[in-house]
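Participant: The following file, start08.pdb, comprises PDB, C-alpha atoms and all ligand atoms:
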ATOM      1  CA  MET I   1      15.457 -14.107  31.587
ATOM      2  CA  SER I   2      16.670 -15.149  28.211
ATOM      3  CA  LEU I   3      14.433 -15.100  25.195
ATOM      4  CA  LYS I   4      12.282 -18.115  24.381
ATOM      5  CA  ILE I   5      11.783 -18.784  20.707
ATOM      6  CA  TYR I   6       9.055 -20.907  19.146
ATOM      7  CA  LEU I   7      10.712 -23.332  16.739
ATOM      8  CA  ASN I   8       8.771 -26.103  15.001
ATOM      9  CA  GLY I   9       6.305 -26.680  17.805
ATOM     10  CA  LYS I  10       8.616 -26.139  20.776
ATOM     11  CA  LEU I  11       9.642 -23.164  22.875
ATOM     12  CA  VAL I  12      13.435 -23.241  23.030
ATOM     13  CA  GLU I  13      16.146 -20.973  24.416
ATOM     14  CA  LYS I  14      17.532 -18.389  22.021
ATOM     15  CA  ASP I  15      20.859 -20.290  21.713
ATOM     16  CA  GLN I  16      18.999 -23.460  20.723
ATOM     17  CA  ALA I  17      16.889 -21.672  18.130
ATOM     18  CA  VAL I  18      18.913 -22.677  15.061
ATOM     19  CA  VAL I  19      17.981 -23.768  11.537
ATOM     20  CA  SER I  20      19.815 -25.854   8.964
ATOM     21  CA  VAL I  21      22.188 -24.278   6.423
ATOM     22  CA  PHE I  22      20.192 -26.374   3.908
ATOM     23  CA  ASP I  23      16.992 -24.508   4.742
ATOM     24  CA  HIS I  24      15.610 -22.992   1.553
ATOM     25  CA  GLY I  25      14.575 -19.928   3.513
ATOM     26  CA  LEU I  26      18.285 -19.209   3.801
ATOM     27  CA  LEU I  27      19.491 -20.662   0.487
ATOM     28  CA  TYR I  28      16.806 -19.037  -1.695
ATOM     29  CA  GLY I  29      14.733 -16.681   0.431
ATOM     30  CA  ASP I  30      12.002 -19.274  -0.075
ATOM     31  CA  GLY I  31       9.537 -18.495   2.684
ATOM     32  CA  VAL I  32       7.040 -16.014   4.083
ATOM     33  CA  PHE I  33       6.863 -13.862   7.176
ATOM     34  CA  GLU I  34       4.854 -11.414   9.230
ATOM     35  CA  GLY I  35       5.834  -8.566  11.525
ATOM     36  CA  ILE I  36       3.177  -8.284  14.229
ATOM     37  CA  ARG I  37       2.801  -6.081  17.265
ATOM     38  CA  ALA I  38       1.443  -6.691  20.752
ATOM     39  CA  TYR I  39       0.063  -3.893  22.905
ATOM     40  CA  ASN I  40      -0.757  -4.524  26.566
ATOM     41  CA  CYS I  41      -0.469  -8.323  26.322
ATOM     42  CA  SER I  42      -2.778  -8.389  23.347
ATOM     43  CA  VAL I  43      -1.725  -9.128  19.774
ATOM     44  CA  PHE I  44      -2.995  -6.419  17.414
ATOM     45  CA  LYS I  45      -4.808  -7.614  14.258
ATOM     46  CA  LEU I  46      -3.537 -11.156  14.712
ATOM     47  CA  LYS I  47      -6.203 -12.721  12.487
ATOM     48  CA  GLU I  48      -5.369 -10.316   9.656
ATOM     49  CA  HIS I  49      -1.642 -11.086   9.893
ATOM     50  CA  ILE I  50      -2.257 -14.850   9.945
ATOM     51  CA  GLU I  51      -4.594 -14.531   6.963
ATOM     52  CA  ARG I  52      -1.966 -12.606   4.958
ATOM     53  CA  LEU I  53       0.721 -15.145   5.907
ATOM     54  CA  TYR I  54      -1.393 -18.055   4.643
ATOM     55  CA  GLU I  55      -2.299 -16.146   1.466
ATOM     56  CA  SER I  56       1.375 -15.507   0.670
ATOM     57  CA  ALA I  57       2.144 -19.174   1.369
ATOM     58  CA  HIS I  58      -0.767 -20.307  -0.820
ATOM     59  CA  THR I  59       0.565 -18.570  -3.924
ATOM     60  CA  LEU I  60       4.046 -19.962  -3.237
ATOM     61  CA  MET I  61       2.471 -23.425  -2.818
ATOM     62  CA  LEU I  62       4.144 -23.559   0.552
ATOM     63  CA  GLU I  63       2.163 -25.786   2.841
ATOM     64  CA  ILE I  64       2.092 -24.641   6.443
ATOM     65  CA  PRO I  65       1.737 -27.701   8.694
ATOM     66  CA  LEU I  66      -0.422 -25.831  11.237
ATOM     67  CA  SER I  67      -4.014 -24.670  11.086
ATOM     68  CA  LYS I  68      -4.582 -20.911  11.336
ATOM     69  CA  ALA I  69      -5.984 -21.392  14.844
ATOM     70  CA  GLU I  70      -2.888 -23.362  15.883
ATOM     71  CA  MET I  71      -0.690 -20.636  14.427
ATOM     72  CA  GLU I  72      -2.568 -17.948  16.374
ATOM     73  CA  ASN I  73      -2.089 -19.947  19.563
ATOM     74  CA  ALA I  74       1.614 -20.412  18.826
ATOM     75  CA  VAL I  75       2.015 -16.616  18.511
ATOM     76  CA  VAL I  76       0.214 -15.950  21.796
ATOM     77  CA  ASP I  77       2.107 -18.756  23.573
ATOM     78  CA  THR I  78       5.412 -17.233  22.463
ATOM     79  CA  LEU I  79       4.410 -13.799  23.743
ATOM     80  CA  LYS I  80       3.275 -15.327  27.042
ATOM     81  CA  ALA I  81       6.426 -17.434  27.482
ATOM     82  CA  ASN I  82       8.467 -14.228  27.337
ATOM     83  CA  GLN I  83       6.154 -12.305  29.693
ATOM     84  CA  LEU I  84       6.007  -9.456  27.233
ATOM     85  CA  LYS I  85       3.359  -6.765  27.422
ATOM     86  CA  ASP I  86       4.390  -4.730  24.409
ATOM     87  CA  ALA I  87       6.293  -6.603  21.765
ATOM     88  CA  TYR I  88       7.357  -6.947  18.183
ATOM     89  CA  ILE I  89       6.637 -10.424  16.905
ATOM     90  CA  ARG I  90       8.349 -11.938  13.898
ATOM     91  CA  LEU I  91       6.619 -15.011  12.481
ATOM     92  CA  VAL I  92       8.558 -16.874   9.805
ATOM     93  CA  VAL I  93       7.683 -19.930   7.734
ATOM     94  CA  THR I  94      10.297 -21.255   5.327
ATOM     95  CA  ARG I  95      10.156 -24.049   2.751
ATOM     96  CA  GLY I  96      12.364 -25.991   5.160
ATOM     97  CA  PRO I  97      15.575 -27.974   4.699
ATOM     98  CA  GLY I  98      16.159 -29.462   1.245
ATOM     99  CA  ASP I  99      19.095 -30.112  -1.058
ATOM    100  CA  LEU I 100      21.204 -27.547  -2.895
ATOM    101  CA  GLY I 101      18.864 -27.347  -5.887
ATOM    102  CA  LEU I 102      15.864 -25.034  -6.212
ATOM    103  CA  ASP I 103      13.259 -27.801  -6.341
ATOM    104  CA  PRO I 104      10.877 -27.096  -3.452
ATOM    105  CA  ARG I 105       9.619 -30.696  -3.595
ATOM    106  CA  LYS I 106      12.917 -31.736  -1.976
ATOM    107  CA  CYS I 107      11.936 -29.838   1.163
ATOM    108  CA  SER I 108       9.839 -32.241   3.141
ATOM    109  CA  ARG I 109       8.712 -29.985   5.942
ATOM    110  CA  ALA I 110       8.341 -26.243   6.464
ATOM    111  CA  THR I 111      10.366 -24.563   9.203
ATOM    112  CA  ILE I 112       8.297 -22.372  11.515
ATOM    113  CA  PHE I 113       9.718 -19.952  14.044
ATOM    114  CA  ILE I 114       8.315 -17.105  16.089
ATOM    115  CA  ILE I 115      10.373 -14.457  17.849
ATOM    116  CA  ALA I 116       8.695 -12.137  20.361
ATOM    117  CA  ASP I 117      10.994  -9.393  21.555
ATOM    118  CA  LYS I 118      10.911  -5.906  23.008
ATOM    119  CA  ILE I 119       9.782  -3.408  20.463
ATOM    120  CA  ALA I 120      12.343  -0.907  19.234
ATOM    121  CA  LEU I 121      10.233   2.205  18.760
ATOM    122  CA  TYR I 122      11.125   4.902  16.280
ATOM    123  CA  PRO I 123      12.594   8.040  17.896
ATOM    124  CA  LYS I 124       9.962  10.519  19.139
ATOM    125  CA  GLU I 125      11.562  13.129  16.944
ATOM    126  CA  PHE I 126      10.301  11.350  13.787
ATOM    127  CA  TYR I 127       6.719  11.957  14.923
ATOM    128  CA  GLU I 128       7.265  15.450  16.268
ATOM    129  CA  LYS I 129       9.285  16.873  13.392
ATOM    130  CA  GLY I 130       8.443  14.532  10.539
ATOM    131  CA  LEU I 131      10.839  12.774   8.206
ATOM    132  CA  ALA I 132      12.660  13.837   5.065
ATOM    133  CA  ILE I 133      12.763  11.016   2.522
ATOM    134  CA  VAL I 134      13.734  10.486  -1.124
ATOM    135  CA  THR I 135      12.613   8.614  -4.226
ATOM    136  CA  VAL I 136      15.226   6.026  -5.182
ATOM    137  CA  PRO I 137      16.347   4.634  -8.569
ATOM    138  CA  THR I 138      15.478   1.013  -7.765
ATOM    139  CA  ILE I 139      11.885   0.368  -8.815
ATOM    140  CA  ARG I 140       9.442  -1.854  -6.916
ATOM    141  CA  ASN I 141       9.242  -5.466  -8.089
ATOM    142  CA  HIS I 142       6.922  -5.927 -11.047
ATOM    143  CA  PRO I 143       3.753  -7.705  -9.854
ATOM    144  CA  GLU I 144       4.216 -10.398 -12.491
ATOM    145  CA  ALA I 145       7.775 -11.069 -11.301
ATOM    146  CA  LEU I 146       7.544 -11.279  -7.514
ATOM    147  CA  ASN I 147       4.273  -9.674  -6.527
ATOM    148  CA  PRO I 148       4.853  -7.185  -3.693
ATOM    149  CA  GLN I 149       1.557  -8.386  -2.194
ATOM    150  CA  LEU I 150       3.447 -11.508  -1.103
ATOM    151  CA  LYS I 151       5.327 -10.954   2.120
ATOM    152  CA  THR I 152       8.234 -13.246   1.304
ATOM    153  CA  LEU I 153      11.711 -13.663   2.740
ATOM    154  CA  ASN I 154      13.054 -12.237  -0.499
ATOM    155  CA  TYR I 155      13.368  -8.599   0.564
ATOM    156  CA  LEU I 156      16.322  -7.586  -1.589
ATOM    157  CA  ASN I 157      14.207  -5.190  -3.657
ATOM    158  CA  ASN I 158      13.436  -3.336  -0.422
ATOM    159  CA  ILE I 159      16.983  -3.633   0.909
ATOM    160  CA  LEU I 160      18.457  -2.128  -2.278
ATOM    161  CA  ALA I 161      16.064   0.795  -1.920
ATOM    162  CA  LYS I 162      16.971   1.143   1.759
ATOM    163  CA  ILE I 163      20.688   1.285   0.847
ATOM    164  CA  GLU I 164      19.932   4.028  -1.675
ATOM    165  CA  ALA I 165      18.037   6.001   0.995
ATOM    166  CA  ILE I 166      20.924   5.613   3.451
ATOM    167  CA  ASN I 167      23.394   6.694   0.734
ATOM    168  CA  ALA I 168      21.248   9.798   0.223
ATOM    169  CA  GLY I 169      21.483  10.520   3.951
ATOM    170  CA  VAL I 170      17.829   9.801   4.805
ATOM    171  CA  GLN I 171      15.898   7.098   6.663
ATOM    172  CA  GLU I 172      13.445   5.908   4.075
ATOM    173  CA  ALA I 173      12.970   5.451   0.336
ATOM    174  CA  ILE I 174       9.954   5.860  -1.918
ATOM    175  CA  LEU I 175       9.863   3.248  -4.682
ATOM    176  CA  LEU I 176       8.126   3.892  -7.988
ATOM    177  CA  ASN I 177       6.898   1.121 -10.263
ATOM    178  CA  ALA I 178       7.972   0.474 -13.870
ATOM    179  CA  GLN I 179       5.416   3.065 -15.081
ATOM    180  CA  GLY I 180       6.682   5.747 -12.712
ATOM    181  CA  TYR I 181       3.781   5.607 -10.269
ATOM    182  CA  VAL I 182       4.392   5.776  -6.543
ATOM    183  CA  THR I 183       4.136   2.404  -4.816
ATOM    184  CA  GLU I 184       5.345   2.396  -1.198
ATOM    185  CA  CYS I 185       8.441   2.626   0.996
ATOM    186  CA  THR I 186      10.802  -0.192   1.986
ATOM    187  CA  GLY I 187       8.664  -1.343   4.929
ATOM    188  CA  GLU I 188       5.761   1.117   5.026
ATOM    189  CA  ASN I 189       2.808   2.133   2.877
ATOM    190  CA  ILE I 190       2.380   5.735   1.768
ATOM    191  CA  PHE I 191      -0.604   8.117   1.913
ATOM    192  CA  LEU I 192      -1.198  11.661   0.752
ATOM    193  CA  VAL I 193      -3.740  14.171   2.044
ATOM    194  CA  ARG I 194      -5.257  16.876  -0.200
ATOM    195  CA  GLY I 195      -8.004  18.869   1.445
ATOM    196  CA  LYS I 196     -10.483  16.267   2.702
ATOM    197  CA  GLU I 197      -9.057  13.530   0.470
ATOM    198  CA  LEU I 198      -6.922  10.683   1.727
ATOM    199  CA  ILE I 199      -5.267   8.755  -1.104
ATOM    200  CA  THR I 200      -3.054   5.673  -1.155
ATOM    201  CA  PRO I 201      -1.865   3.575  -4.136
ATOM    202  CA  PRO I 202      -3.968   0.539  -5.115
ATOM    203  CA  PRO I 203      -2.453  -2.955  -4.666
ATOM    204  CA  TYR I 204      -2.074  -3.471  -8.441
ATOM    205  CA  VAL I 205       0.651  -0.810  -8.737
ATOM    206  CA  GLY I 206       2.810  -3.159  -6.651
ATOM    207  CA  ILE I 207       2.520  -2.803  -2.884
ATOM    208  CA  LEU I 208       2.099  -4.883   0.191
ATOM    209  CA  LYS I 209      -1.470  -4.499   1.424
ATOM    210  CA  GLY I 210      -0.495  -3.232   4.831
ATOM    211  CA  ILE I 211      -2.661  -4.022   7.805
ATOM    212  CA  THR I 212      -1.944  -0.575   9.255
ATOM    213  CA  ARG I 213      -2.924   0.846   5.848
ATOM    214  CA  ASP I 214      -6.330  -0.884   6.089
ATOM    215  CA  THR I 215      -6.826   0.369   9.654
ATOM    216  CA  VAL I 216      -5.923   3.948   8.665
ATOM    217  CA  MET I 217      -8.333   3.858   5.697
ATOM    218  CA  THR I 218     -11.133   2.778   8.046
ATOM    219  CA  ILE I 219     -10.264   5.474  10.584
ATOM    220  CA  GLY I 220     -10.058   8.080   7.798
ATOM    221  CA  ARG I 221     -13.593   7.241   6.647
ATOM    222  CA  ARG I 222     -14.824   7.472  10.216
ATOM    223  CA  LEU I 223     -13.272  10.944  10.472
ATOM    224  CA  GLY I 224     -15.274  11.998   7.411
ATOM    225  CA  LEU I 225     -12.398  12.005   4.938
ATOM    226  CA  SER I 226     -12.904  10.905   1.369
ATOM    227  CA  VAL I 227     -10.649   7.853   1.307
ATOM    228  CA  ARG I 228      -9.637   6.201  -1.953
ATOM    229  CA  GLU I 229      -7.011   4.075  -3.641
ATOM    230  CA  ASP I 230      -5.580   5.791  -6.683
ATOM    231  CA  ILE I 231      -2.429   5.873  -8.745
ATOM    232  CA  PHE I 232      -0.299   8.992  -8.401
ATOM    233  CA  THR I 233       3.120  10.362  -9.288
ATOM    234  CA  ARG I 234       5.957  12.055  -7.404
ATOM    235  CA  HIS I 235       4.498  15.405  -8.446
ATOM    236  CA  ASP I 236       1.265  14.577  -6.605
ATOM    237  CA  LEU I 237       3.311  13.923  -3.470
ATOM    238  CA  TYR I 238       5.238  17.185  -3.824
ATOM    239  CA  ILE I 239       2.023  19.235  -4.022
ATOM    240  CA  ALA I 240       0.098  17.319  -1.344
ATOM    241  CA  ASP I 241      -0.977  19.047   1.865
ATOM    242  CA  GLU I 242       0.343  16.162   3.926
ATOM    243  CA  VAL I 243       2.142  12.862   3.367
ATOM    244  CA  PHE I 244       2.612  10.049   5.854
ATOM    245  CA  LEU I 245       3.757   6.443   6.048
ATOM    246  CA  THR I 246       2.065   3.517   7.790
ATOM    247  CA  GLY I 247       3.396   0.233   9.137
ATOM    248  CA  THR I 248       3.181  -2.090  12.103
ATOM    249  CA  ALA I 249       6.342  -0.785  13.761
ATOM    250  CA  ALA I 250       6.007   2.830  12.599
ATOM    251  CA  GLU I 251       2.227   3.212  13.075
ATOM    252  CA  ILE I 252       1.875   6.591  11.305
ATOM    253  CA  VAL I 253       4.946   8.704  10.512
ATOM    254  CA  PRO I 254       4.612  12.226   9.054
ATOM    255  CA  ILE I 255       6.733  13.130   6.006
ATOM    256  CA  VAL I 256       7.747  16.770   5.675
ATOM    257  CA  LYS I 257      10.229  16.685   2.806
ATOM    258  CA  ILE I 258      10.493  14.534  -0.315
ATOM    259  CA  ASP I 259      13.401  14.840  -2.777
ATOM    260  CA  ASN I 260      14.193  18.202  -1.147
ATOM    261  CA  ARG I 261      10.681  19.570  -1.793
ATOM    262  CA  GLN I 262       8.864  20.772   1.292
ATOM    263  CA  ILE I 263       5.524  19.037   1.804
ATOM    264  CA  GLY I 264       2.682  21.313   2.921
ATOM    265  CA  LYS I 265       3.875  23.601   5.670
ATOM    266  CA  GLY I 266       6.992  21.524   6.290
ATOM    267  CA  VAL I 267       5.731  20.300   9.658
ATOM    268  CA  PRO I 268       3.579  17.255  10.568
ATOM    269  CA  GLY I 269       0.028  17.935   9.343
ATOM    270  CA  THR I 270      -3.147  18.155  11.394
ATOM    271  CA  THR I 271      -4.932  15.333   9.549
ATOM    272  CA  THR I 272      -1.907  13.088  10.094
ATOM    273  CA  GLY I 273      -2.026  14.012  13.796
ATOM    274  CA  GLN I 274      -5.743  13.269  14.031
ATOM    275  CA  LEU I 275      -5.297   9.894  12.349
ATOM    276  CA  LEU I 276      -2.462   8.979  14.711
ATOM    277  CA  ALA I 277      -4.530   9.983  17.771
ATOM    278  CA  GLU I 278      -7.433   7.832  16.512
ATOM    279  CA  PHE I 279      -5.051   4.989  15.707
ATOM    280  CA  HIS I 280      -3.808   4.997  19.293
ATOM    281  CA  LYS I 281      -7.425   4.648  20.433
ATOM    282  CA  VAL I 282      -7.891   1.393  18.508
ATOM    283  CA  THR I 283      -4.714  -0.338  19.702
ATOM    284  CA  PRO I 284      -5.389  -2.719  22.627
ATOM    285  CA  LYS I 285      -5.543  -1.076  26.029
ATOM    286  CA  ASP I 286      -6.507  -3.629  28.641
ATOM    287  CA  GLY I 287      -7.831  -6.703  26.872
ATOM    288  CA  THR I 288      -7.775 -10.111  28.531
ATOM    289  CA  PRO I 289      -4.067 -10.871  28.829
ATOM    290  CA  TYR I 290      -2.606 -13.293  26.316
ATOM    291  CA  GLU I 291      -5.838 -14.294  24.666
ATOM    292  CA  VAL I 292      -6.399 -14.547  20.959
ATOM    293  CA  ASN I 293      -8.820 -11.761  20.134
TER     294      ASN I 293
HETATM  295  N1  LIG L 301       5.093  -2.372   2.848
HETATM  296  C1  LIG L 301       6.090  -3.262   3.009
HETATM  297  C2  LIG L 301       6.972  -3.576   1.871
HETATM  298  C3  LIG L 301       6.255  -3.897   4.250
HETATM  299  O1  LIG L 301       7.225  -4.793   4.427
HETATM  300  C4  LIG L 301       4.385  -2.602   5.100
HETATM  301  C5  LIG L 301       4.263  -2.039   3.851
HETATM  302  C6  LIG L 301       3.405  -2.223   6.169
HETATM  303  O2  LIG L 301       2.512  -3.304   6.413
HETATM  304  P1  LIG L 301       1.798  -3.517   7.829
HETATM  305  O3  LIG L 301       0.976  -4.730   7.641
HETATM  306  O4  LIG L 301       2.906  -3.697   8.841
HETATM  307  O5  LIG L 301       1.013  -2.299   8.081
HETATM  308  C7  LIG L 301       5.393  -3.566   5.315
HETATM  309  C8  LIG L 301       5.558  -4.262   6.622
HETATM  310  C9  LIG L 301      10.221  -3.497  10.490
HETATM  311  C10 LIG L 301       9.627  -4.198   9.335
HETATM  312  O6  LIG L 301      10.879  -4.172  11.287
HETATM  313  C11 LIG L 301       8.448  -3.731   8.818
HETATM  314  C12 LIG L 301       7.850  -4.371   7.750
HETATM  315  C13 LIG L 301       8.480  -5.441   7.218
HETATM  316  C14 LIG L 301       9.663  -5.896   7.723
HETATM  317  C15 LIG L 301      10.260  -5.281   8.804
HETATM  318  O7  LIG L 301      10.021  -2.291  10.605
HETATM  319  N2  LIG L 301       6.687  -3.803   7.315
END
How does the structure come out when it is put into structure tokens?
Ligand code: PXG

Facilitator:
Amino acid sequence: MSLKIYLNGKLVEKDQAVVSVFDHGLLYGDGVFEGIRAYNCSVFKLKEHIERLYESAHTLMLEIPLSKAEMENAVVDTLKANQLKDAYIRLVVTRGPGDLGLDPRKCSRATIFIIADKIALYPKEFYEKGLAIVTVPTIRNHPEALNPQLKTLNYLNNILAKIEAINAGVQEAILLNAQGYVTECTGENIFLVRGKELITPPPYVGILKGITRDTVMTIGRRLGLSVREDIFTRHDLYIADEVFLTGTAAEIVPIVKIDNRQIGKGVPGTTTGQLLAEFHKVTPKDGTPYEVN
């Protein structure tokens, strides 16, 4: 069965899911998106993703012609139409087709599409052995330029960092901000563990407020860890007991080497393992199929 894509209110075949070359999402990266995951026919943290999407759109003064409830239903309908149990869902809203100038007022209607596809999981090895990553020269966008809290279609800051990681022969990049503080990776948030402390950078350093990040902070507190947001440097990462990344696709990935410095014992840490085990307990198991929860 070929993939059915939600496009502007209709479910269409993949080949029919096309947008205009005049769409400002394409011409200027003018739009917002979410990467969402479904487990066992149930969309994980759907409300949180929809909320973040509408918040990003609000700051961009991009009007989404659907209510949040309608958007939630559109996501679930797309999942259902493709009979997917476990899926990666990409929800995109662009400024829509306009003319060749920047003026967003020329775009009369937003373009909305939703893709629900099989999830490409990270190799098991990443979780079992942990990843080696590097800090890259490209800094994270300054919050007063394009605030990293907005999940926009303009991901070139992240893509440049990803290219630098690939050039260095690793999978992922750590981006610092203009002051030299650690922000996040190209598509994941970062945490460090020191003793019973679990620390992650605060949003104002320039990060996306990850939904997995929020979930992990809650789980950490439940496990009795002292969880806080704080600024820190590369040095703090190098001397941490454990470091890990969080994201919708990745869940929780242990980091065992940064800039050639071994982290902790050089193997995935026990706290990271505990958090991942607890995380798996909160992902949907057998909820009512295809219902908004
Ligand atoms: N930081 C950035 C910059 C992100 O793009 C996260 C953190 C993690 O947020 P969530 O809400 O997922 O916990 C993201 C989101 C992919 C992919 O296919 C992942 C993201 C964005 C785009 C693509 O792996 N991650």

Participant: Suppose you want the space between CA of Ser2 in chain I and atom C15 of ligand LIG 301 (chain L); what is it in Å?

Facilitator: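 Interatomic distance, CA of Ser2 in chain I to atom C15 of ligand LIG 301 (chain L): 22.7 Å.
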
Participant: Contacts of Glu188 in chain I at 9 Å or less, counting only C-alpha atoms, minus same-chain residues fewer than 4 places along, as a short mmCIF file (atom, residue, chain, number, x, y, z; two decimals) with C-alpha atoms, in the frame of the given file?

Facilitator:
data_model
loop_
_atom_site.label_atom_id
_atom_site.label_comp_id
_atom_site.auth_asym_id
_atom_site.auth_seq_id
_atom_site.Cartn_x
_atom_site.Cartn_y
_atom_site.Cartn_z
CA GLU I 184 5.34 2.40 -1.20
CA LEU I 208 2.10 -4.88 0.19
CA GLY I 210 -0.50 -3.23 4.83
CA THR I 212 -1.94 -0.57 9.26
CA ARG I 213 -2.92 0.85 5.85
CA LEU I 245 3.76 6.44 6.05
CA THR I 246 2.06 3.52 7.79
CA GLY I 247 3.40 0.23 9.14
CA THR I 248 3.18 -2.09 12.10
CA ALA I 249 6.34 -0.78 13.76
CA ALA I 250 6.01 2.83 12.60
#

Participant: On this structure, the PyMOL selection byres (((not hetatm)) within 10 of (chain L and resi 301)) would catch which residues? List them as a PyMOL selection string, sorted by chain and number.

Facilitator: chain I and resi 33-37+45+48-49+52+88-90+119-122+140+148-153+155+157-158+175+183-190+206-216+245-252

Participant: In Å to one decimal, how far is CA of Ala145 in chain I from CA of Gln179 in chain I?

Facilitator: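 According to the coordinates, CA of Gln179 in chain I and CA of Ala145 in chain I are separated by 14.8 Å.
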
Participant: Residues picked by the PyMOL selection byres (((chain I and resi 29) around 9) and not hetatm) here, as a PyMOL selection string?

Facilitator: chain I and resi 24-28+30-32+94-95+152-155

Participant: The PyMOL selection byres (((chain I and resi 96) around 9) and not hetatm) - which residues does that actually catch in the file I just gave you? List them as a list in words.

Facilitator: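 For this structure, the PyMOL selection byres (((chain I and resi 96) around 9) and not hetatm) resolves to Val19, Ser20, Phe22, Asp23, His24, Gly25, Asp30, Gly31, Val93, Thr94, Arg95, Pro97, Gly98, Pro104, Cys107, Ser108, Arg109, Ala110, Thr111 and Ile112 of chain I.
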
Participant: Residues at most 8 Å from range 66-78 of chain I, counting only C-alpha atoms, excluding those fewer than 5 positions away in the same chain, as a ChimeraX atom specification?

Facilitator: /I:4-6,9,11,43,46-47,50-51,54,89,91,114-116,290-292

Participant: Which residue out of I:Glu128, I:Asp236, I:Asp286, I:Glu13 has the minimum interatomic distance to Val256 in chain I when only C-alpha atoms are used?

Facilitator: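 Checking each of I:Glu128, I:Asp236, I:Asp286, I:Glu13 against Val256 in chain I, counting only C-alpha atoms, the winner is I:Glu128.
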
Participant: So the first atom is CA of Ala57 in chain I and the second is CA of Leu160 in chain I; what is the distance between them in Å, to one decimal place?

Facilitator: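 Calculated distance between CA of Ala57 in chain I and CA of Leu160 in chain I is 23.9 Å.
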
Participant: Please return, as a PyMOL selection string, all polymer residues that have at least one atom within 10 Å of the point (-15.5, 10.7, -1.8); use only C-alpha atoms and the file's own coordinate frame.

Facilitator: chain I and resi 196-198+221+224-228

Participant: Residues within 10 Å of Val205 in chain I, please, as a PDB file with C-alpha atoms, in the coordinates of the input. Count only C-alpha atoms; anything in the same chain fewer than 6 positions from it doesn't count.

Facilitator:
ATOM      1  CA  ARG I 140       9.442  -1.854  -6.916  1.00  0.00           C
ATOM      2  CA  ASN I 141       9.242  -5.466  -8.089  1.00  0.00           C
ATOM      3  CA  HIS I 142       6.922  -5.927 -11.047  1.00  0.00           C
ATOM      4  CA  PRO I 143       3.753  -7.705  -9.854  1.00  0.00           C
ATOM      5  CA  ASN I 147       4.273  -9.674  -6.527  1.00  0.00           C
ATOM      6  CA  PRO I 148       4.853  -7.185  -3.693  1.00  0.00           C
ATOM      7  CA  LEU I 176       8.126   3.892  -7.988  1.00  0.00           C
ATOM      8  CA  ASN I 177       6.898   1.121 -10.263  1.00  0.00           C
ATOM      9  CA  ALA I 178       7.972   0.474 -13.870  1.00  0.00           C
ATOM     10  CA  GLN I 179       5.416   3.065 -15.081  1.00  0.00           C
ATOM     11  CA  GLY I 180       6.682   5.747 -12.712  1.00  0.00           C
ATOM     12  CA  TYR I 181       3.781   5.607 -10.269  1.00  0.00           C
ATOM     13  CA  VAL I 182       4.392   5.776  -6.543  1.00  0.00           C
ATOM     14  CA  THR I 183       4.136   2.404  -4.816  1.00  0.00           C
ATOM     15  CA  GLU I 184       5.345   2.396  -1.198  1.00  0.00           C
ATOM     16  CA  ASP I 230      -5.580   5.791  -6.683  1.00  0.00           C
ATOM     17  CA  ILE I 231      -2.429   5.873  -8.745  1.00  0.00           C
ATOM     18  CA  PHE I 232      -0.299   8.992  -8.401  1.00  0.00           C
TER      19      PHE I 232
END

Participant: Within 12 Å of (5.3, 18.2, 3.6), all atoms listed in the file: residues as a CSV table (one decimal) with C-alpha atoms, in the frame of the given file?

Facilitator:
chain,number,residue,atom,x,y,z
I,129,LYS,CA,9.3,16.9,13.4
I,130,GLY,CA,8.4,14.5,10.5
I,131,LEU,CA,10.8,12.8,8.2
I,132,ALA,CA,12.7,13.8,5.1
I,133,ILE,CA,12.8,11.0,2.5
I,191,PHE,CA,-0.6,8.1,1.9
I,192,LEU,CA,-1.2,11.7,0.8
I,193,VAL,CA,-3.7,14.2,2.0
I,194,ARG,CA,-5.3,16.9,-0.2
I,236,ASP,CA,1.3,14.6,-6.6
I,237,LEU,CA,3.3,13.9,-3.5
I,238,TYR,CA,5.2,17.2,-3.8
I,239,ILE,CA,2.0,19.2,-4.0
I,240,ALA,CA,0.1,17.3,-1.3
I,241,ASP,CA,-1.0,19.0,1.9
I,242,GLU,CA,0.3,16.2,3.9
I,243,VAL,CA,2.1,12.9,3.4
I,244,PHE,CA,2.6,10.0,5.9
I,253,VAL,CA,4.9,8.7,10.5
I,254,PRO,CA,4.6,12.2,9.1
I,255,ILE,CA,6.7,13.1,6.0
I,256,VAL,CA,7.7,16.8,5.7
I,257,LYS,CA,10.2,16.7,2.8
I,258,ILE,CA,10.5,14.5,-0.3
I,259,ASP,CA,13.4,14.8,-2.8
I,260,ASN,CA,14.2,18.2,-1.1
I,261,ARG,CA,10.7,19.6,-1.8
I,262,GLN,CA,8.9,20.8,1.3
I,263,ILE,CA,5.5,19.0,1.8
I,264,GLY,CA,2.7,21.3,2.9
I,265,LYS,CA,3.9,23.6,5.7
I,266,GLY,CA,7.0,21.5,6.3
I,267,VAL,CA,5.7,20.3,9.7
I,268,PRO,CA,3.6,17.3,10.6
I,269,GLY,CA,0.0,17.9,9.3
I,270,THR,CA,-3.1,18.2,11.4
I,272,THR,CA,-1.9,13.1,10.1

Participant: Pick out the closest residue to His280 in chain I from this set: I:Leu7, I:Phe44, I:Leu156, I:Leu53. Count all atoms listed in the file.

Facilitator: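 Closest residue, counting all atoms listed in the file: I:Phe44.
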
Participant: Restricting the calculation to all atoms listed in the file: of I:Val92, I:Val21, I:Val282, I:Ala81, which residue gets closest to Ser56 in chain I?

Facilitator: I:Val92

Participant: Could you tell me which of I:Ala87, I:Val134, I:Pro65, I:His235 comes closest to Asn8 in chain I if we count only C-alpha atoms?

Facilitator: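 Looking at the shortest contact to Asn8 in chain I, the residue is I:Pro65.
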
Participant: Could you work out an axis-aligned bounding box for all listed atoms of range 52-70 of chain I, with 3 Å added on each of the six sides, and give its centre and edge lengths in Å to one decimal, as lines of an AutoDock Vina configuration file?

Facilitator:
center_x = -0.9
center_y = -20.2
center_z = 6.0
size_x = 16.1
size_y = 21.1
size_z = 25.8
